[in-house]
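Notes follow the structure.
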Amino acid sequence: MNKYPAINVNRKTGEEVFYSDETNINFNLKSFWQWSASDLVNNTLRGMLAEYIVATAIGVEKEIRTEWDAYDLLSKEGVKIEIKSSAYIQSWHQNKLSEITFGIQPTHGWDATTNTYDSALKRQSEIYVFCVLKHKAQETINPLNLSQWSFYILATSILNEKKEKQKTITLASLKKLNPIKASYSEIQSAISLTLNAAANKTFQPDP
């Protein structure tokens with residue numbers, strides 16, 4: 001029997017209080033979230049936000065995010081999905097807009113429940129959703145405004161065929177692979193179209 005199995009994480013409300021021994025302290029979990037997670041343009045947090053946005057689009061946002069899992073989301077149909085995000089505007093000082101690039105490197109997949117790595121070096125998902133925070137005006141950027149995002153959906157099999165060992169890809173190079181470009185409301189249908197196109201090895205049209 002495993003002495004230290006994976007912890008079963010319960011979904012928090014934000015109202016949970018900090019305490020010392022039996023004494024409650026006058027701040028709660030929500031105050032920690034406000035302190036640590038208010039910069040939504042920040043690279044790290046923007047990536048998690050992109051995962052959540054896609055999760056809501058496909059109806060799996062009630063699950064709890066697992067850090068460092070082999071893939072980012074699992075659809076209700078059992079499809080493994082990898083989410084990548086990029087943006088022109090960053091939190092730090094910029095002399096120019098950032099180039100849109102994404103990491104696509106194959107990995108040794110990690111299983112959070114067993115703390116073991118897959119021996120095979122590969123891309124772990126069946127679908128990639130590339131999320132671009134496309135807004136270019138710093139004074140009005142707001143990642144909560146879903147109209148400021150574009151989403152590009154591509155079958156992993158195409159990356160494996162065309163970019164087998166490549167570690168990064170630019171937006172321009174991604175577009176040459178004919179991903180489906182979708183708005184937030186089109187993400188779920190675009191994933192279905194992409195899966196069908198990959199299964200039939202057909203060209204992927206815009207939804």
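Identifiers for the structure tokens are assigned positionally: chains receive A, B, ... in sequence, residues are indexed from 1 per chain, and ligands are indexed from 1 in the order shown.
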For stretch 100-114 of chain A: contacts at 8 Å, only C-alpha atoms, fewer than 2 positions along chain excluded, given as a VMD selection string: chain A and resid 5 to 6 66 68 to 71 84 to 88 98 116 to 124 130 132 165 to 171
Contacts of A:Ser36 within 10 Å, only C-alpha atoms, excl. fewer than 5 positions in-chain, as a PyMOL selection string: chain A and resi 30-31+45
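Taking only C-alpha atoms into account, A:Ile89 lies nearest to A:Glu139 out of the set A:Glu139, A:Glu63, A:Glu126, A:Asp72.
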Neighbour list for A:Met48 as a list in words, cut-off 12 Å, only C-alpha atoms, skip fewer than 2 positions in-chain: Ala37, Asp39, Leu40, Val41, Asn42, Asn43, Thr44, Leu45, Arg46, Ala50, Glu51, Tyr52, Ile53, Val54, Ala55, Ile64, Arg65, Thr66, Glu67, Trp68, Asp72, Leu73, Glu82, Ile83, Lys84, Ser85, Ser86, Cys131 and Pro143 of chain A
Residues of stretch 6-162 of chain A in helix (DSSP H, G or I), written as a ChimeraX atom specification: /A:29-36,43-58,138-140,146-148,156-162
Strand (DSSP E or B) per DSSP on the backbone: members of stretch 17-163 of chain A, as a PyMOL selection string: chain A and resi 17-20+23-28+73-74+80-87+101-103+107-111+116-122+127-133+149-155
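Straight-line separation from atom CA of A:Glu16 to atom CA of A:Leu29: 5.5 Å.
All residues of protein, DNA or RNA that reach within 12 Å of A:Lys201, judged by only C-alpha atoms and not counting those fewer than 3 positions away in the chain, are A:Ala155, A:Ser157, A:Ile158, A:Glu161, A:Leu193, A:Thr194, A:Leu195, A:Asn196, A:Ala197, A:Ala198, A:Gln204.
Our summary of the geometry notes that atom CA of A:Phe32 is positioned 17.2 Å from atom CA of A:Asn10.
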For A:Tyr19: contacts at 12 Å, only C-alpha atoms, fewer than 6 positions along chain excluded, given as a ChimeraX atom specification: /A:25-29
For the selection just defined, write its residues with C-alpha atoms to a file, as a compact mmCIF listing (two decimals), in the first residue's frame.
# COMPACT_ATOMS: atom_id res chain seq x y z
CA ILE A 25 -6.78 35.02 11.96
CA ASN A 26 -8.52 37.98 10.31
CA PHE A 27 -7.79 37.02 6.70
CA ASN A 28 -9.08 34.26 4.46
CA LEU A 29 -8.18 32.31 1.34
From A:Asn178, A:Ser183, A:Thr156, A:Asn115, residue lying nearest A:Leu133 [only C-alpha atoms]: A:Ser183
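When atom CA of A:Lys96 is paired with atom CA of A:Lys136, their separation reads 10.4 Å.
Take the candidates A:Thr13, A:Val129, A:Ile7, A:Trp92 and check each one against A:Gly47 using only C-alpha atoms; the shortest distance goes to A:Val129.
With only C-alpha atoms as the atoms that count, the residue of A:Ser185, A:Asn200, A:Asn95, A:Ser173 with the shortest distance to A:Ile58 is A:Ser185.
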